[in-house]
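S.K.: So that we are looking at the same thing, I have put the structure below in structure tokens.
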Amino acid sequence: MASDKVKTFTDADFGESVKSGLVLVDFWAEWCAPCRRLAPTVEQLAEDYNGRLTVAKMNVDENPVTPPNFMIRGIPTLLLFKNGDLKETIVGLADKGDLARMIDKHL
């Protein structure tokens, strides 16, 4: 991962990690070509919203418990949480402008 501003969440820390503030989680896998295409956008959002938004990635192959809890059946899937509550879901590739508008609604 190129950006040190993007965190890595696991099944063990997920619940605690989304509990406070605004948190964007990218569910992905190594083998997923659209996930790899979305990665630079996610990293750029982490830079652009540094201090206002936590950006994290969760590998669905390494963390089998959390994704089914949120009915994740396709990747990439982006979930936006505010103080632990799921506010928005985007499945598939999304452009930076759409993601920024979604984030801005909840800041």
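Lettering and numbering for the structure tokens are positional, with chains as A, B, ... in the shown order, residues counted from 1 in each chain, and ligands counted from 1 in the shown order.
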Near Asp95 of chain A, counting only C-alpha atoms, which residues have an atom at most 9 Å away, once you skip same-chain residues fewer than 5 positions from it, shown as a list of chain:residue names?
M.R.: A:Leu38, A:Thr41, A:Ala100
S.K.: From the DSSP assignment of the backbone, select every residue of chain A that is strand (DSSP E or B), and format the answer as an NGL selection string.
M.R.: :A and (6-8 or 22-28 or 54-59 or 77-82 or 85-91)
S.K.: Report as CSV the residues of segment 35-67 of chain A within 10 Å of segment 24-30 of chain A, each with its shortest atom pair and distance in Å (one decimal), using only C-alpha atoms, ordered by chain and increasing residue number.
M.R.:
```
residue,atom,partner,partner_atom,distance
A:Cys35,CA,A:Trp28,CA,5.7
A:Arg36,CA,A:Glu30,CA,7.6
A:Leu38,CA,A:Asp26,CA,9.1
A:Ala39,CA,A:Asp26,CA,8.7
A:Val42,CA,A:Asp26,CA,7.7
A:Leu45,CA,A:Leu24,CA,9.4
A:Ala46,CA,A:Leu24,CA,9.1
A:Leu53,CA,A:Leu24,CA,7.2
A:Thr54,CA,A:Leu24,CA,6.2
A:Val55,CA,A:Leu24,CA,4.9
A:Ala56,CA,A:Val25,CA,4.8
A:Lys57,CA,A:Asp26,CA,4.6
A:Met58,CA,A:Phe27,CA,4.9
A:Asn59,CA,A:Trp28,CA,5.1
A:Val60,CA,A:Ala29,CA,5.9
A:Asp61,CA,A:Ala29,CA,6.3
A:Glu62,CA,A:Ala29,CA,8.6
A:Asn63,CA,A:Phe27,CA,9.8
A:Thr66,CA,A:Phe27,CA,9.8
A:Pro67,CA,A:Phe27,CA,7.7
```
S.K.: Keeping only N, CA and C atoms, take the residues you just selected and write them out as a compact mmCIF listing (two decimals), in the first residue's frame.
M.R.:
```
# COMPACT_ATOMS: atom_id res chain seq x y z
N CYS A 35 -10.50 -3.95 -7.69
CA CYS A 35 -9.99 -3.49 -6.39
C CYS A 35 -8.65 -2.79 -6.57
N ARG A 36 -7.80 -3.37 -7.41
CA ARG A 36 -6.49 -2.76 -7.67
C ARG A 36 -6.64 -1.42 -8.40
N LEU A 38 -9.15 0.61 -8.02
CA LEU A 38 -9.72 1.56 -7.06
C LEU A 38 -8.71 2.01 -6.01
N ALA A 39 -7.69 1.22 -5.77
CA ALA A 39 -6.73 1.49 -4.69
C ALA A 39 -6.12 2.90 -4.73
N VAL A 42 -8.67 5.38 -3.37
CA VAL A 42 -8.82 5.24 -1.92
C VAL A 42 -7.64 5.92 -1.21
N LEU A 45 -8.06 9.68 -1.39
CA LEU A 45 -9.07 10.15 -0.42
C LEU A 45 -8.47 10.23 0.98
N ALA A 46 -7.64 9.26 1.33
CA ALA A 46 -6.99 9.27 2.65
C ALA A 46 -6.12 10.52 2.79
N LEU A 53 -11.27 12.07 8.21
CA LEU A 53 -11.81 10.78 7.82
C LEU A 53 -10.74 9.72 8.02
N THR A 54 -11.13 8.58 8.61
CA THR A 54 -10.23 7.43 8.67
C THR A 54 -10.53 6.58 7.45
N VAL A 55 -9.48 6.23 6.72
CA VAL A 55 -9.62 5.37 5.54
C VAL A 55 -8.89 4.07 5.82
N ALA A 56 -9.57 2.96 5.56
CA ALA A 56 -8.99 1.65 5.84
C ALA A 56 -9.35 0.66 4.75
N LYS A 57 -8.56 -0.41 4.71
CA LYS A 57 -8.82 -1.51 3.79
C LYS A 57 -8.97 -2.79 4.60
N MET A 58 -9.82 -3.67 4.11
CA MET A 58 -9.97 -4.98 4.74
C MET A 58 -9.93 -6.03 3.64
N ASN A 59 -8.96 -6.93 3.74
CA ASN A 59 -8.82 -8.02 2.78
C ASN A 59 -9.86 -9.09 3.12
N VAL A 60 -10.78 -9.35 2.19
CA VAL A 60 -11.87 -10.28 2.46
C VAL A 60 -11.40 -11.73 2.55
N ASP A 61 -10.27 -12.05 1.90
CA ASP A 61 -9.74 -13.41 1.98
C ASP A 61 -9.10 -13.70 3.33
N GLU A 62 -8.52 -12.68 3.93
CA GLU A 62 -7.83 -12.84 5.22
C GLU A 62 -8.76 -12.63 6.41
N ASN A 63 -9.93 -12.06 6.16
CA ASN A 63 -10.88 -11.73 7.24
C ASN A 63 -12.27 -12.23 6.86
N THR A 66 -16.08 -10.53 9.14
CA THR A 66 -16.73 -9.22 9.00
C THR A 66 -17.51 -9.05 7.70
N PRO A 67 -16.95 -9.37 6.52
CA PRO A 67 -17.70 -9.11 5.27
C PRO A 67 -19.12 -9.69 5.24
```
S.K.: Using only C-alpha atoms, can you tell me which of A:Leu86, A:Leu107, A:Val91, A:Leu99 comes closest to Lys19 of chain A?
M.R.: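 Looking at the shortest contact to Lys19 of chain A, the residue is A:Leu86.
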S.K.: Counting only C-alpha atoms, what is within 12 Å of Ser17 of chain A, bar same-chain residues fewer than 3 positions away, as a VMD selection string?
M.R.: chain A and resid 7 to 14 20 to 25 54 to 58 81 to 85
S.K.: What is the atom CA of Asp4 of chain A-atom CA of Val65 of chain A distance in Å, reported with one decimal?
M.R.: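 Between these atoms lies a distance of 25.2 Å.
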S.K.: Please indicate the distance in Å from atom CA of Arg52 of chain A to atom CA of Ala94 of chain A, rounded to one decimal place.
M.R.: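 Between atom CA of Arg52 of chain A and atom CA of Ala94 of chain A the gap works out to 20.5 Å.
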S.K.: DSSP on the backbone: which residues in chain A end up as helix (DSSP H, G or I)? Give the answer as an NGL selection string.
M.R.: :A and (14-17 or 33-48 or 66-69 or 96-104)
S.K.: With N, CA, C and O atoms retained, write the just-selected residues as a CSV table (one decimal), in the first residue's frame.
M.R.:
```csv
chain,number,residue,atom,x,y,z
A,14,PHE,N,-12.2,-4.7,13.8
A,14,PHE,CA,-13.1,-3.9,13.0
A,14,PHE,C,-14.1,-3.1,13.8
A,14,PHE,O,-14.3,-1.9,13.6
A,15,GLY,N,-14.8,-3.8,14.7
A,15,GLY,CA,-15.9,-3.1,15.5
A,15,GLY,C,-15.4,-1.9,16.3
A,15,GLY,O,-16.0,-0.9,16.3
A,16,GLU,N,-14.2,-2.1,16.9
A,16,GLU,CA,-13.6,-1.0,17.7
A,16,GLU,C,-13.2,0.2,16.7
A,16,GLU,O,-13.3,1.3,17.0
A,17,SER,N,-12.7,-0.2,15.6
A,17,SER,CA,-12.1,0.7,14.6
A,17,SER,C,-13.1,1.6,13.9
A,17,SER,O,-12.8,2.8,13.5
A,33,ALA,N,-9.1,-7.4,-9.8
A,33,ALA,CA,-8.6,-6.3,-10.7
A,33,ALA,C,-9.3,-5.0,-10.4
A,33,ALA,O,-8.6,-4.0,-10.3
A,34,PRO,N,-10.6,-4.9,-10.3
A,34,PRO,CA,-11.3,-3.7,-10.0
A,34,PRO,C,-10.8,-3.1,-8.6
A,34,PRO,O,-10.7,-1.9,-8.5
A,35,CYS,N,-10.5,-4.0,-7.7
A,35,CYS,CA,-10.0,-3.5,-6.4
A,35,CYS,C,-8.7,-2.8,-6.6
A,35,CYS,O,-8.4,-1.7,-6.0
A,36,ARG,N,-7.8,-3.4,-7.4
A,36,ARG,CA,-6.5,-2.8,-7.7
A,36,ARG,C,-6.6,-1.4,-8.4
A,36,ARG,O,-5.9,-0.5,-8.1
A,37,ARG,N,-7.6,-1.3,-9.3
A,37,ARG,CA,-7.9,-0.1,-10.0
A,37,ARG,C,-8.4,1.0,-9.0
A,37,ARG,O,-8.1,2.2,-9.2
A,38,LEU,N,-9.2,0.6,-8.0
A,38,LEU,CA,-9.7,1.6,-7.1
A,38,LEU,C,-8.7,2.0,-6.0
A,38,LEU,O,-8.8,3.1,-5.4
A,39,ALA,N,-7.7,1.2,-5.8
A,39,ALA,CA,-6.7,1.5,-4.7
A,39,ALA,C,-6.1,2.9,-4.7
A,39,ALA,O,-6.1,3.6,-3.7
A,40,PRO,N,-5.7,3.4,-5.9
A,40,PRO,CA,-5.1,4.8,-5.9
A,40,PRO,C,-6.1,5.8,-5.5
A,40,PRO,O,-5.8,6.8,-4.8
A,41,THR,N,-7.4,5.6,-5.8
A,41,THR,CA,-8.4,6.6,-5.5
A,41,THR,C,-8.6,6.6,-4.0
A,41,THR,O,-8.8,7.6,-3.3
A,42,VAL,N,-8.7,5.4,-3.4
A,42,VAL,CA,-8.8,5.2,-1.9
A,42,VAL,C,-7.6,5.9,-1.2
A,42,VAL,O,-7.8,6.7,-0.2
A,43,GLU,N,-6.4,5.7,-1.7
A,43,GLU,CA,-5.3,6.3,-1.1
A,43,GLU,C,-5.3,7.9,-1.2
A,43,GLU,O,-5.0,8.6,-0.3
A,44,GLN,N,-5.8,8.4,-2.4
A,44,GLN,CA,-5.9,9.8,-2.6
A,44,GLN,C,-7.0,10.4,-1.6
A,44,GLN,O,-6.8,11.5,-1.0
A,45,LEU,N,-8.1,9.7,-1.4
A,45,LEU,CA,-9.1,10.1,-0.4
A,45,LEU,C,-8.5,10.2,1.0
A,45,LEU,O,-8.8,11.2,1.7
A,46,ALA,N,-7.6,9.3,1.3
A,46,ALA,CA,-7.0,9.3,2.6
A,46,ALA,C,-6.1,10.5,2.8
A,46,ALA,O,-6.1,11.1,3.9
A,47,GLU,N,-5.4,10.9,1.7
A,47,GLU,CA,-4.6,12.1,1.7
A,47,GLU,C,-5.5,13.4,1.8
A,47,GLU,O,-5.3,14.2,2.7
A,48,ASP,N,-6.5,13.4,1.0
A,48,ASP,CA,-7.4,14.6,0.9
A,48,ASP,C,-8.2,14.9,2.2
A,48,ASP,O,-8.4,16.0,2.5
A,66,THR,N,-16.1,-10.5,9.1
A,66,THR,CA,-16.7,-9.2,9.0
A,66,THR,C,-17.5,-9.0,7.7
A,66,THR,O,-18.7,-8.6,7.7
A,67,PRO,N,-17.0,-9.4,6.5
A,67,PRO,CA,-17.7,-9.1,5.3
A,67,PRO,C,-19.1,-9.7,5.2
A,67,PRO,O,-20.1,-9.0,4.9
A,68,PRO,N,-19.3,-10.9,5.6
A,68,PRO,CA,-20.7,-11.5,5.6
A,68,PRO,C,-21.7,-10.7,6.6
A,68,PRO,O,-22.9,-10.6,6.3
A,69,ASN,N,-21.1,-10.1,7.6
A,69,ASN,CA,-21.9,-9.4,8.6
A,69,ASN,C,-22.6,-8.2,7.9
A,69,ASN,O,-23.6,-7.6,8.4
A,96,LYS,N,-13.6,9.2,-7.9
A,96,LYS,CA,-13.3,10.0,-6.8
A,96,LYS,C,-14.3,11.1,-6.5
A,96,LYS,O,-14.6,11.3,-5.3
A,97,GLY,N,-14.9,11.7,-7.5
A,97,GLY,CA,-15.9,12.7,-7.3
A,97,GLY,C,-17.1,12.2,-6.5
A,97,GLY,O,-17.6,12.8,-5.6
A,98,ASP,N,-17.6,11.0,-7.0
A,98,ASP,CA,-18.7,10.4,-6.3
A,98,ASP,C,-18.4,10.1,-4.9
A,98,ASP,O,-19.3,10.3,-4.0
A,99,LEU,N,-17.3,9.5,-4.6
A,99,LEU,CA,-16.9,9.2,-3.3
A,99,LEU,C,-16.7,10.4,-2.4
A,99,LEU,O,-17.2,10.4,-1.2
A,100,ALA,N,-16.1,11.5,-2.9
A,100,ALA,CA,-16.0,12.7,-2.2
A,100,ALA,C,-17.3,13.3,-1.8
A,100,ALA,O,-17.5,13.8,-0.7
A,101,ARG,N,-18.3,13.3,-2.8
A,101,ARG,CA,-19.6,13.8,-2.5
A,101,ARG,C,-20.3,13.0,-1.3
A,101,ARG,O,-20.9,13.5,-0.5
A,102,MET,N,-20.1,11.7,-1.4
A,102,MET,CA,-20.7,10.8,-0.4
A,102,MET,C,-20.1,11.1,1.0
A,102,MET,O,-20.8,11.3,2.0
A,103,ILE,N,-18.8,11.3,1.1
A,103,ILE,CA,-18.1,11.6,2.3
A,103,ILE,C,-18.5,13.0,2.8
A,103,ILE,O,-18.8,13.1,4.0
A,104,ASP,N,-18.5,14.0,1.9
A,104,ASP,CA,-18.9,15.3,2.3
A,104,ASP,C,-20.2,15.4,3.0
A,104,ASP,O,-20.4,16.3,3.9
```
S.K.: In Å to one decimal, how far is atom CA of Cys32 of chain A from atom CA of Gly92 of chain A?
M.R.: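 Atom CA of Cys32 of chain A lies 10.8 Å from atom CA of Gly92 of chain A.
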S.K.: Considering only C-alpha atoms, state which residue in the set A:Leu80, A:Trp31, A:Gly51, A:Gly74 is at the smallest distance from His106 of chain A.
M.R.: A:Leu80
S.K.: Here is a test: counting only C-alpha atoms, which residue of A:Phe70, A:Lys5, A:Lys87, A:Ile75 is nearest to Lys105 of chain A?
M.R.: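 Looking at the shortest contact to Lys105 of chain A, the residue is A:Lys87.
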